[in-house]
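Let me begin by presenting the structure, written as structure tokens, before commenting on it.
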Amino acid sequence: MGRQMGFPGYSRAWRAIALACGLAWLGPVSGLRAETLAAAAPDFAANSAEPFGISATALAAGALHDKWLGLQRRLDDDMVQLALCEGDREGCVSPAALRLLAIVDAGRQRDGRARLGEINRAINLAIRAISDEAQYGETDVWASPLATFIRGAGDCEDYAIAKFAALRLAGIAADDLRILIMRDARGEDHAVAAARLDGRWLTLDNRRMAMIEDTEIRNYRPTFVMDRDGIRRYAPAPLLAGIAPPAAEPFPPVPAPAAKIAAAAVD
């Protein structure tokens, strides 16, 4: 798996475009040391606003946070281009932007869970699963949505980033969007997008077409959560278990090298 990120404030040009389009995007990011938490050790919280009902504490800057900041700058450029292409489809010079906007358009035609499902399925079908090693010759590359759509391929965090951006463009509130990193019993990390609907968190996973609630996930340990406010580390938790596993789907998993997130967090 490649790692994940959140998407804070955009450039002045994008902010102007966003206001014209009626979009309020994401907020500022704080810079701290990644090895330290910005607050006291987290407690389990049944009423947490985060998926899984587990509290999370802001991380400081380090390799993981720096990588996330780098993605934000590339995302700034993507969102400007997407906004411009949305305003002038015929004059758009980016086929990748038009393909992503077509997915957003289809999502906007639906409401509620159907909107989330439309974008989840469409992006799963639009991107071919491939490891960063195979595609870039590197162990961990975070691609912006347009970079992923240009190549038509990516690993789990590339799907999650593209879904995160598409859902926001489709009208989902920033407060209701997350990117999650989870670790399985083998020590392999996996990233998914998550959206809150009617107070419940649905996960949008490149490994399945159907969306499932966070409460239905098992055999994963949530480790990090990202949104417009930054990156946060979940309180230590056992593997999620005790819930019947969802039915397997004939959808190919993306390769996910183990333990890259933890390595970055302590870098």
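Identifiers in the structure tokens: chain A, B, ... in order shown; residue index from 1 per chain; ligand index from 1 in order shown.
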
Inset, instruction - List every residue of region 88-196 of chain A that DSSP, applied to the backbone of this structure, assigns to strand (DSSP E), and report them as a list of chain:residue names. - result: A:Arg128, A:Ala129, A:Ala153, A:Gly154, A:Leu177, A:Arg178, A:Ile179, A:Leu180, A:Ile181, A:Met182, A:Arg183, A:Asp184, A:Asp189, A:His190, A:Ala191, A:Val192, A:Ala193, A:Ala194, A:Ala195, A:Arg196

Legend entry - CA of Asp189 (chain A) to CA of Glu118 (chain A), distance in Å rounded to a single decimal: 25.3 Å

Inset, instruction - List every residue of region 140-259 of chain A that DSSP, applied to the backbone of this structure, places in helix (DSSP H, G or I), and write the result as number ranges by chain. - result: A: 145-151, 156-169, 174-176, 214-216

Go through region 153-214 of chain A residue by residue and, counting only C-alpha atoms, keep those with an atom at most 10 Å from region 70-92 of chain A; for each kept residue give the shortest atom pair and its distance in Å to one decimal, ordered by chain and increasing number, as a tab-separated table.
```
residue	atom	partner	partner_atom	distance
A:Ile161	CA	A:Leu75	CA	9.6
A:Ala165	CA	A:Met79	CA	8.5
A:Leu169	CA	A:Met79	CA	9.2
```

Just the selected residues (all heavy atoms), exported as a short mmCIF file (atom, residue, chain, number, x, y, z; two decimals), in the first residue's frame, please.
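As a result, selection36.cif now contains:
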```
data_model
loop_
_atom_site.label_atom_id
_atom_site.label_comp_id
_atom_site.auth_asym_id
_atom_site.auth_seq_id
_atom_site.Cartn_x
_atom_site.Cartn_y
_atom_site.Cartn_z
N ILE A 161 -7.59 8.57 -2.30
CA ILE A 161 -7.42 10.01 -2.57
C ILE A 161 -8.39 10.46 -3.65
O ILE A 161 -9.05 11.50 -3.53
CB ILE A 161 -5.98 10.31 -2.99
CG1 ILE A 161 -5.01 10.03 -1.85
CG2 ILE A 161 -5.84 11.76 -3.46
CD1 ILE A 161 -3.57 9.93 -2.31
N ALA A 165 -11.49 13.23 -3.15
CA ALA A 165 -11.67 14.44 -3.95
C ALA A 165 -12.99 14.41 -4.72
O ALA A 165 -13.72 15.41 -4.77
CB ALA A 165 -10.50 14.59 -4.91
N LEU A 169 -16.18 17.07 -4.48
CA LEU A 169 -16.69 17.77 -5.65
C LEU A 169 -18.16 17.45 -5.89
O LEU A 169 -18.91 18.28 -6.42
CB LEU A 169 -15.87 17.40 -6.88
CG LEU A 169 -14.45 17.97 -6.94
CD1 LEU A 169 -13.67 17.32 -8.08
CD2 LEU A 169 -14.48 19.48 -7.11
#
```
